[in-house]
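Have a look at the structure below before the remarks.
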Amino acid sequence: MSRRTYGMLVSLVVLGAAVLTQQLSAYGDNPFLARNPHSQAEIPVSAAALATSTPVWEPVIRVIDGDTIVVMHQGATTTVRLIGVDTPEVVDPRKPVQCFGREASAQTKLLLTGQSVHLEFDPSQGVLDKYGRTLAYVWAPLNSDPQGFLVDEYLISEGYGHEYTYDVPYKYQAEFNAAQAEAKQQQKGLWAPGVCGK
């Protein structure tokens, strides 16, 4: 290797280190955490997601019910249906208010009202459901936990909804099923004795 080629390689390594240092400073000590500019909370993201794009935080406009919210996504008001969770109905005009529906809706409002969220999409589930709602996992900050949390999984783990596989397996299916099993075992929410006819 010539001295000139060696010098060019050293320069490239130094430049790469500088770029990496700049990127790391944007994410704190961990490059796999993305900071929510609205709350200073940090949300875990996959290495692949970080490599392709920085998560975009978008404001929640309103909460419709336990598993459906409205987000200002890419400048447009977008109704989002959370993937992998089904909470009891409260707003479907074809059905009466279901047991534990009000509690689930109130919990999602408590979690997401006034927050900004990061939408994670799953190609296996398509873009829209049959009602035209955007399908996504919803990540949100949590003041007591700088790691943030996955709202879909949280609702299942606390007994506010059921794990829901619409057609084909989805990315977090195993985790959501495990969360439901634990919620049942611990008799949380709608799994509690005396709730919903149990």
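Each chain in the structure tokens gets a letter, A, B, ..., in the order shown, and its residues are numbered from 1; ligands are numbered from 1 in order too.
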
Contacts of range 178-195 of chain A within 6 Å, only C-alpha atoms, excl. fewer than 6 positions in-chain, as a compact mmCIF listing (two decimals) with N, CA and C atoms, in the first residue's frame:
```txt
# COMPACT_ATOMS: atom_id res chain seq x y z
N ILE A 156 -52.44 -4.10 26.57
CA ILE A 156 -52.66 -5.53 26.76
C ILE A 156 -52.12 -5.97 28.12
N SER A 157 -50.93 -5.51 28.46
CA SER A 157 -50.27 -5.94 29.69
C SER A 157 -51.03 -5.50 30.94
N GLU A 158 -51.80 -4.41 30.83
CA GLU A 158 -52.55 -3.92 31.98
C GLU A 158 -54.02 -4.35 31.95
N GLY A 159 -54.39 -5.18 30.97
CA GLY A 159 -55.74 -5.71 30.92
C GLY A 159 -56.78 -4.76 30.35
N TYR A 160 -56.35 -3.79 29.55
CA TYR A 160 -57.31 -2.87 28.92
C TYR A 160 -57.78 -3.37 27.56
```

Write out as a ChimeraX atom specification which residues come within 6 Å of range 81-88 of chain A when counting only C-alpha atoms, dropping same-chain ones fewer than 4 positions away. /A:66-68,98,101,133-137,152,161-165

Closest of A:Val138, A:Ile64, A:Asp129, A:Glu103 to Val91 in chain A - atom-to-atom distances counting only C-alpha atoms: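 Of A:Val138, A:Ile64, A:Asp129, A:Glu103, the one nearest Val91 in chain A, counting only C-alpha atoms, is A:Ile64.
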
Using only C-alpha atoms, find the one residue out of A:Ile69, A:Leu155, A:Val80, A:Cys99 that sits nearest to Leu128 in chain A.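 Going through A:Ile69, A:Leu155, A:Val80, A:Cys99 one by one, the smallest distance to Leu128 in chain A is for A:Val80.
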
Give me, please, the distance in Å between CA of Pro59 in chain A and CA of His118 in chain A, quoted to one decimal.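 Atom-to-atom, CA of Pro59 in chain A to CA of His118 in chain A, that is 8.9 Å.
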
Which of these residues is nearest to Val60 in chain A, using only C-alpha atoms: A:Ser124, A:Asn177, A:Ser105, A:Thr79? A:Thr79

Could you tell me, as an MDAnalysis selection string, which residues of range 60-164 of chain A DSSP assigns to helix (DSSP H, G or I) when given the backbone? chainID A and resid 101:112 123:125 151:157

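CA of Leu150 in chain A to CA of Val97 in chain A spans 25.7 Å [interatomic distance, one decimal].
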
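The space separating CA of Tyr154 in chain A from CA of Tyr172 in chain A comes to 12.2 Å.
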